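One file, my_file-v4.cif, is given below (mmCIF, C-alpha atoms and all ligand atoms).
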data_run
loop_
_atom_site.label_atom_id
_atom_site.label_comp_id
_atom_site.auth_asym_id
_atom_site.auth_seq_id
_atom_site.Cartn_x
_atom_site.Cartn_y
_atom_site.Cartn_z
CA MET A 1 21.65 8.22 15.48
CA THR A 2 19.83 6.27 12.80
CA SER A 3 16.13 6.52 12.13
CA ALA A 4 15.78 2.94 13.32
CA ARG A 5 17.21 3.88 16.70
CA LEU A 6 15.20 7.08 16.81
CA LEU A 7 11.96 5.25 16.32
CA GLY A 8 12.97 1.89 17.76
CA ARG A 9 11.73 -0.02 14.73
CA CYS A 10 13.10 -2.95 12.78
CA CYS A 11 12.88 -4.27 9.23
CA ARG A 12 14.36 -1.17 7.59
CA LEU A 13 15.70 -1.14 4.08
CA ARG A 14 19.21 0.25 4.23
CA SER A 15 19.13 1.24 0.60
CA ALA A 16 16.40 1.40 -1.95
CA PRO A 17 15.66 -2.08 -3.16
CA THR A 18 16.13 -3.29 -6.68
CA ALA A 19 13.50 -5.02 -8.75
CA SER A 20 15.12 -8.36 -8.02
CA SER A 21 15.39 -7.79 -4.27
CA SER A 22 13.45 -10.06 -1.98
CA TYR A 23 12.53 -8.29 1.24
CA ARG A 24 10.45 -9.81 3.94
CA PRO A 25 8.99 -8.01 6.92
CA CYS A 26 10.28 -9.43 10.20
CA GLY A 27 6.99 -8.93 12.03
CA ALA A 28 4.17 -11.43 12.11
CA ASP A 29 2.20 -9.53 9.49
CA THR A 30 3.55 -11.45 6.52
CA ALA A 31 0.16 -12.01 4.93
CA GLU A 32 0.38 -8.62 3.27
CA TYR A 33 3.75 -9.40 1.78
CA SER A 34 3.87 -10.41 -1.83
CA GLU A 35 6.83 -12.03 -3.56
CA ASN A 36 6.21 -9.69 -6.49
CA MET A 37 6.62 -6.59 -4.34
CA SER A 38 10.13 -5.20 -3.98
CA VAL A 39 9.16 -2.62 -1.34
CA ASP A 40 7.73 -3.94 1.90
CA THR A 41 4.01 -3.20 1.63
CA SER A 42 3.56 -3.62 5.38
CA SER A 43 5.92 -0.66 6.01
CA THR A 44 4.19 2.52 7.07
CA LEU A 45 4.22 5.48 4.67
CA ALA A 46 6.25 7.44 7.22
CA ASP A 47 8.94 4.72 7.40
CA LEU A 48 9.15 4.47 3.62
CA VAL A 49 9.91 8.20 3.41
CA ILE A 50 12.31 8.06 6.36
CA GLU A 51 14.25 5.35 4.52
CA ASP A 52 14.39 7.37 1.30
CA SER A 53 13.13 10.94 1.20
CA ARG A 54 12.64 10.79 -2.61
CA ARG A 55 9.64 8.56 -2.00
CA ALA A 56 7.74 11.60 -0.69
CA ARG A 57 7.33 12.86 -4.25
CA VAL A 58 6.11 9.44 -5.43
CA LEU A 59 3.51 9.28 -2.67
CA GLU A 60 2.43 12.83 -3.54
CA GLN A 61 1.83 11.77 -7.14
CA PHE A 62 -0.51 9.05 -5.92
CA GLN A 63 -2.03 11.50 -3.39
CA LEU A 64 -1.13 9.33 -0.41
CA ASP A 65 -0.68 11.33 2.78
CA TYR A 66 2.63 10.32 4.41
CA CYS A 67 2.79 13.14 6.98
CA CYS A 68 -0.40 13.49 9.08
CA ASN A 69 -1.50 9.93 8.22
CA GLY A 70 1.95 8.39 7.88
CA ASP A 71 1.21 5.60 10.33
CA ARG A 72 -0.80 3.62 7.76
CA THR A 73 0.91 0.78 5.93
CA LEU A 74 1.46 1.09 2.20
CA SER A 75 -1.10 -1.62 1.50
CA GLU A 76 -3.71 0.01 3.78
CA ALA A 77 -3.20 3.46 2.27
CA ALA A 78 -3.25 2.15 -1.31
CA ALA A 79 -6.45 0.20 -0.66
CA ALA A 80 -8.15 3.21 0.95
CA ALA A 81 -7.21 5.45 -2.00
CA ASN A 82 -8.03 2.78 -4.60
CA VAL A 83 -4.47 2.84 -5.89
CA ASP A 84 -2.97 -0.21 -7.59
CA LEU A 85 -0.47 -1.65 -5.10
CA GLU A 86 1.84 -3.11 -7.72
CA GLU A 87 1.96 0.17 -9.63
CA ILE A 88 2.90 2.24 -6.60
CA ASN A 89 5.32 -0.40 -5.41
CA THR A 90 7.16 -0.19 -8.73
CA ALA A 91 7.19 3.62 -8.54
CA LEU A 92 8.63 3.50 -5.00
CA ASP A 93 11.37 1.08 -6.02
CA LEU A 94 13.93 3.79 -6.82
CA PRO A 95 17.43 3.17 -8.16
CA PRO A 96 19.90 2.66 -5.30
CA GLU A 97 22.74 4.75 -6.76
CA THR A 98 20.81 7.96 -6.21
CA VAL A 99 19.55 7.21 -2.70
CA ARG A 100 19.96 10.24 -0.48
CA GLU A 101 20.81 10.08 3.16
CA SER A 102 17.58 9.88 5.09
CA THR A 103 16.48 12.68 7.41
CA GLY A 104 16.16 10.12 10.19
CA SER A 105 19.92 9.90 10.60
CA GLN A 106 20.10 13.27 12.36
CA GLU A 107 20.05 13.90 16.09
CA ARG A 108 16.90 15.56 17.37
CA ALA A 109 18.42 19.00 18.05
CA ALA A 110 20.15 19.01 14.66
CA LEU A 111 16.93 18.03 12.94
CA ALA A 112 15.01 20.78 14.79
CA HIS A 113 17.63 23.32 13.59
CA ASP A 114 17.38 21.96 10.07
CA ILE A 115 13.58 22.29 10.11
CA VAL A 116 13.83 25.91 11.27
CA ASP A 117 16.56 26.79 8.76
CA THR A 118 14.77 25.25 5.80
CA HIS A 119 11.00 24.82 6.21
CA HIS A 120 10.33 27.61 8.74
CA ALA A 121 12.59 30.07 6.90
CA TYR A 122 10.75 29.27 3.66
CA MET A 123 7.34 29.71 5.30
CA TRP A 124 8.24 33.02 7.00
CA GLU A 125 9.36 34.42 3.67
CA GLU A 126 6.70 32.85 1.47
CA MET A 127 3.55 33.32 3.57
CA PRO A 128 3.34 37.15 3.26
CA ARG A 129 4.28 37.07 -0.44
CA LEU A 130 1.64 34.47 -1.19
CA GLN A 131 -0.95 36.15 1.02
CA ALA A 132 -0.56 39.36 -1.02
CA LEU A 133 -0.83 37.38 -4.27
CA VAL A 134 -3.94 35.50 -3.12
CA GLU A 135 -5.58 38.83 -2.22
CA LYS A 136 -4.65 40.41 -5.53
CA VAL A 137 -5.89 37.49 -7.65
CA HIS A 138 -9.09 37.32 -5.59
CA GLN A 139 -9.74 41.03 -6.20
CA VAL A 140 -9.04 40.87 -9.94
CA HIS A 141 -10.59 37.50 -10.85
CA GLY A 142 -13.03 36.89 -7.98
CA GLU A 143 -16.13 37.76 -9.98
CA ARG A 144 -15.48 35.23 -12.72
CA HIS A 145 -13.98 32.65 -10.34
CA PRO A 146 -16.03 32.55 -7.14
CA GLU A 147 -13.85 29.71 -5.76
CA LEU A 148 -11.11 32.34 -5.22
CA SER A 149 -13.07 33.66 -2.28
CA THR A 150 -12.80 30.21 -0.65
CA VAL A 151 -9.08 30.03 -1.50
CA HIS A 152 -8.60 33.42 0.12
CA GLU A 153 -10.48 32.36 3.26
CA LEU A 154 -8.71 29.00 3.56
CA PHE A 155 -5.25 30.43 2.99
CA THR A 156 -5.83 33.27 5.47
CA GLU A 157 -6.91 30.68 8.03
CA ALA A 158 -3.83 28.54 7.33
CA VAL A 159 -1.48 31.51 7.79
CA ALA A 160 -3.27 32.53 11.00
CA ALA A 161 -2.71 29.00 12.33
CA LEU A 162 0.86 28.55 11.08
CA ASP A 163 2.23 31.82 12.47
CA PRO A 164 1.70 31.03 16.19
CA HIS A 165 2.37 27.33 15.57
CA MET A 166 5.87 27.87 14.20
CA THR A 167 6.58 30.56 16.80
CA LYS A 168 5.69 28.07 19.56
CA GLU A 169 7.97 25.45 18.02
CA GLU A 170 10.89 27.86 17.68
CA ARG A 171 10.59 29.56 21.06
CA SER A 172 9.37 26.75 23.27
CA VAL A 173 9.19 23.19 21.98
CA PHE A 174 12.37 22.90 19.89
CA PRO A 175 14.57 24.51 22.59
CA ALA A 176 13.00 22.09 25.12
CA ILE A 177 13.91 19.15 22.86
CA SER A 178 17.50 20.42 22.54
CA ARG A 179 17.76 20.85 26.32
CA LEU A 180 16.38 17.39 26.90
CA GLU A 181 18.87 15.89 24.47
CA LYS A 182 21.77 17.81 26.02
CA THR A 183 21.01 17.34 29.70
CA GLY A 184 18.85 14.21 29.76
CA THR A 185 16.52 15.88 32.22
CA PRO A 186 12.91 16.93 31.59
CA GLY A 187 12.31 20.68 31.38
CA THR A 188 10.11 22.70 33.69
CA SER A 189 7.70 24.06 31.09
CA GLY A 190 5.18 21.22 31.28
CA SER A 191 4.88 17.88 29.58
CA LEU A 192 6.47 17.68 26.16
CA ALA A 193 3.93 14.99 25.26
CA GLU A 194 1.03 17.40 25.75
CA GLN A 195 2.70 20.12 23.71
CA VAL A 196 3.56 17.67 20.94
CA ASP A 197 0.01 16.35 20.91
CA LEU A 198 -1.31 19.86 20.38
CA LEU A 199 1.21 20.61 17.63
CA MET A 200 0.21 17.43 15.81
CA GLN A 201 -3.46 18.39 16.01
CA GLU A 202 -2.54 21.75 14.51
CA HIS A 203 -0.67 19.97 11.69
CA THR A 204 -3.84 18.07 10.84
CA VAL A 205 -5.87 21.28 10.74
CA VAL A 206 -3.39 23.02 8.41
CA GLY A 207 -2.99 19.90 6.27
CA ASP A 208 -6.76 19.76 5.82
CA LEU A 209 -6.92 23.45 4.87
CA PHE A 210 -4.41 22.89 2.07
CA LYS A 211 -6.23 19.75 0.98
CA GLU A 212 -9.34 21.90 0.60
CA ILE A 213 -7.43 24.56 -1.34
CA ARG A 214 -6.19 21.82 -3.69
CA SER A 215 -9.72 20.54 -4.08
CA VAL A 216 -11.41 23.90 -4.82
CA THR A 217 -8.71 24.77 -7.38
CA ALA A 218 -9.12 21.35 -9.07
CA GLY A 219 -5.57 20.37 -8.20
CA TYR A 220 -4.11 23.86 -8.76
CA ALA A 221 -5.30 23.89 -12.38
CA VAL A 222 -4.87 27.25 -14.11
CA PRO A 223 -8.12 28.35 -15.82
CA GLU A 224 -8.07 29.36 -19.48
CA ASP A 225 -8.40 33.04 -18.61
CA GLY A 226 -5.81 32.83 -15.80
CA CYS A 227 -3.13 35.54 -15.99
CA ALA A 228 0.51 35.25 -14.91
CA SER A 229 -0.38 36.27 -11.34
CA TYR A 230 -3.09 33.61 -11.20
CA ARG A 231 -0.59 30.96 -12.32
CA ALA A 232 2.06 32.24 -9.88
CA MET A 233 -0.48 32.04 -7.03
CA LEU A 234 -1.41 28.44 -7.86
CA ASP A 235 2.25 27.44 -8.30
CA GLY A 236 3.05 29.04 -4.95
CA LEU A 237 0.17 27.26 -3.20
CA ARG A 238 1.13 23.90 -4.69
CA GLU A 239 4.75 24.34 -3.67
CA MET A 240 3.75 25.37 -0.17
CA GLU A 241 1.54 22.31 0.26
CA LEU A 242 4.36 20.00 -0.88
CA ASP A 243 6.83 21.69 1.44
CA LEU A 244 4.36 21.45 4.32
CA HIS A 245 4.01 17.72 3.80
CA GLU A 246 7.79 17.27 4.11
CA HIS A 247 7.90 19.65 7.05
CA ILE A 248 5.09 17.90 8.95
CA HIS A 249 6.53 14.47 8.13
CA LYS A 250 9.88 15.42 9.71
CA GLU A 251 8.13 16.66 12.85
CA ASN A 252 5.33 14.08 13.26
CA ASN A 253 7.25 11.01 12.21
CA ILE A 254 10.87 11.66 13.20
CA LEU A 255 11.48 14.60 15.55
CA PHE A 256 8.51 14.25 17.91
CA PRO A 257 8.63 10.45 18.38
CA GLY A 258 12.37 10.76 19.09
CA ALA A 259 11.82 13.58 21.58
CA LEU A 260 9.04 11.70 23.38
CA GLU A 261 11.32 8.67 23.65
CA LEU A 262 13.95 10.92 25.27
CA GLU A 263 11.36 12.33 27.66
CA ARG A 264 10.24 8.83 28.67
CA SER A 265 13.87 7.78 29.29
CA ALA A 266 14.47 10.93 31.36
CA ALA A 267 11.34 10.31 33.43
CA ASN A 268 12.43 6.72 34.14
CA GLY A 269 15.78 8.01 35.35
FE FE B 1 7.56 23.32 12.09
FE FE B 2 4.86 21.97 13.19
#
Please re-express this file's structure in structure tokens.
Amino acid sequence: MTSARLLGRCCRLRSAPTASSSYRPCGADTAEYSENMSVDTSSTLADLVIEDSRRARVLEQFQLDYCCNGDRTLSEAAAAANVDLEEINTALDLPPETVRESTGSQERAALAHDIVDTHHAYMWEEMPRLQALVEKVHQVHGERHPELSTVHELFTEAVAALDPHMTKEERSVFPAISRLEKTGTPGTSGSLAEQVDLLMQEHTVVGDLFKEIRSVTAGYAVPEDGCASYRAMLDGLREMELDLHEHIHKENNILFPGALELERSAANG
């Protein structure tokens, strides 16, 4: 199933546009469209990444949140962040020959498996390693770098939230989505919509914790007296934040909307 069918949206770019392409949104909101823009600026950030996952890295560079706040249009998000729309549009206009298949082309159950095999597996392995590193660096450098105490607190809070969150997804919500897709009948463990709503709230909390970690470390900048462990800790935190953005995007913007659509269809018989 394509992402368009998953989300029931139109106006998708089937491949990354070229500089000479002329795309027009099919909705009424054409005022935001500019002839000079090769990417549709009225597309949401989530849709832009669903169409081409490489755009996630571009949006990260401009610090535009495509996961928890992926429902904003490119022009809205750029205006809010004071980013030049033409500059980001050019950066998002990637060469078509290297376009990867979008994540949105997977079925829900397959996508849930993929999320567990990649993002959850990474987190289960990386969280304890990074937790030990954060503790060590805090102990050794905490006196000269008081912000490490905040990093330690924030990261500990993030791990404490992510552990039960991912367990709930793996043991309850993802199996319920697979069952729903297989049988077409709603499960007996309560409304999927309520569970999804809670999971999305938890995503926002964890996303904000990492945003704070990025802020107190000045964008993961290694201080002049930072040792190899200090650098490894900051590299690990940066990588984890980037991975979390992709992870949350796949759940918030692809898997969950698709699952809720299935639940609505099942409820309507
Ligand atoms: Fe997850
Ligand atoms: Fe999640």
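Around ligand FE 1 (chain B), using only C-alpha atoms and all ligand atoms and a cut-off of 8 Å, the residues in contact are A:Ile115, A:Val116, A:His119, A:His120, A:His165, A:Met166, A:Glu169, A:Glu170, A:His247, A:Ile248, A:Glu251.
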Quick one: residues within 12 Å of ligand FE 2 (chain B), with only C-alpha atoms and all ligand atoms, as a ChimeraX atom specification?
/A:67-68,112,115-116,119-120,123,161-170,173-174,195-207,243-256
Quick one, how far is CA of Arg57 (chain A) from CA of Tyr220 (chain A)?
16.5 Å
For the atom pair CA of Ala221 (chain A) and CA of Glu147 (chain A), what is the interatomic distance in Å to one decimal place?
12.3 Å
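The spacing separating CA of Leu45 (chain A) from CA of Leu92 (chain A) amounts to 10.8 Å.
Near (3.2, 1.5, 6.0), the residues that fall inside 10 Å on the basis of only C-alpha atoms are Asp40, Thr41, Ser42, Ser43, Thr44, Leu45, Ala46, Asp47, Leu48, Val49, Tyr66, Asn69, Gly70, Asp71, Arg72, Thr73, Leu74, Ser75, Glu76, Ala77 and Ala78 of chain A.
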Quick one: residues within 12 Å of Asp235 (chain A), all atoms listed in the file, excluding same-chain residues fewer than 4 positions away - as a VMD selection string?
chain A and resid 130 133 to 134 214 217 219 to 222 228 to 231 239 to 242
All file atoms of region 138-147 of chain A boxed axis-aligned, 4 Å per side, centre plus edges, as JSON:
{"center_x": -12.6, "center_y": 35.4, "center_z": -9.2, "size_x": 15.1, "size_y": 19.3, "size_z": 15.1}
Using only C-alpha atoms, which residue out of A:Val216, A:Ala109, A:Leu237, A:Ala121 lies closest to Leu262 (chain A)?
A:Ala109
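Of the listed residues (A:Ala232, A:Ala267, A:Met127, A:Ile88), A:Ile88 comes nearest to Gln61 (chain A); the distances count only C-alpha atoms.
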Which one is closest to Pro223 (chain A): A:His141, A:Thr118, A:Glu87, A:Pro95? Count only C-alpha atoms.
A:His141
Env of Phe210 (chain A): 8 Å cut, atoms = only C-alpha atoms, seq-sep filter 6 positions within chain, self excluded. Answer as a ChimeraX atom specification.
/A:154-155,158,241
Selected residues written out, C-alpha atoms, as a PDB file, in the coordinates of the input:
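The result, written out as again14.pdb:
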ATOM      1  CA  LEU A 154      -8.710  29.000   3.560  1.00  0.00           C
ATOM      2  CA  PHE A 155      -5.250  30.430   2.990  1.00  0.00           C
ATOM      3  CA  ALA A 158      -3.830  28.540   7.330  1.00  0.00           C
ATOM      4  CA  GLU A 241       1.540  22.310   0.260  1.00  0.00           C
TER       5      GLU A 241
END
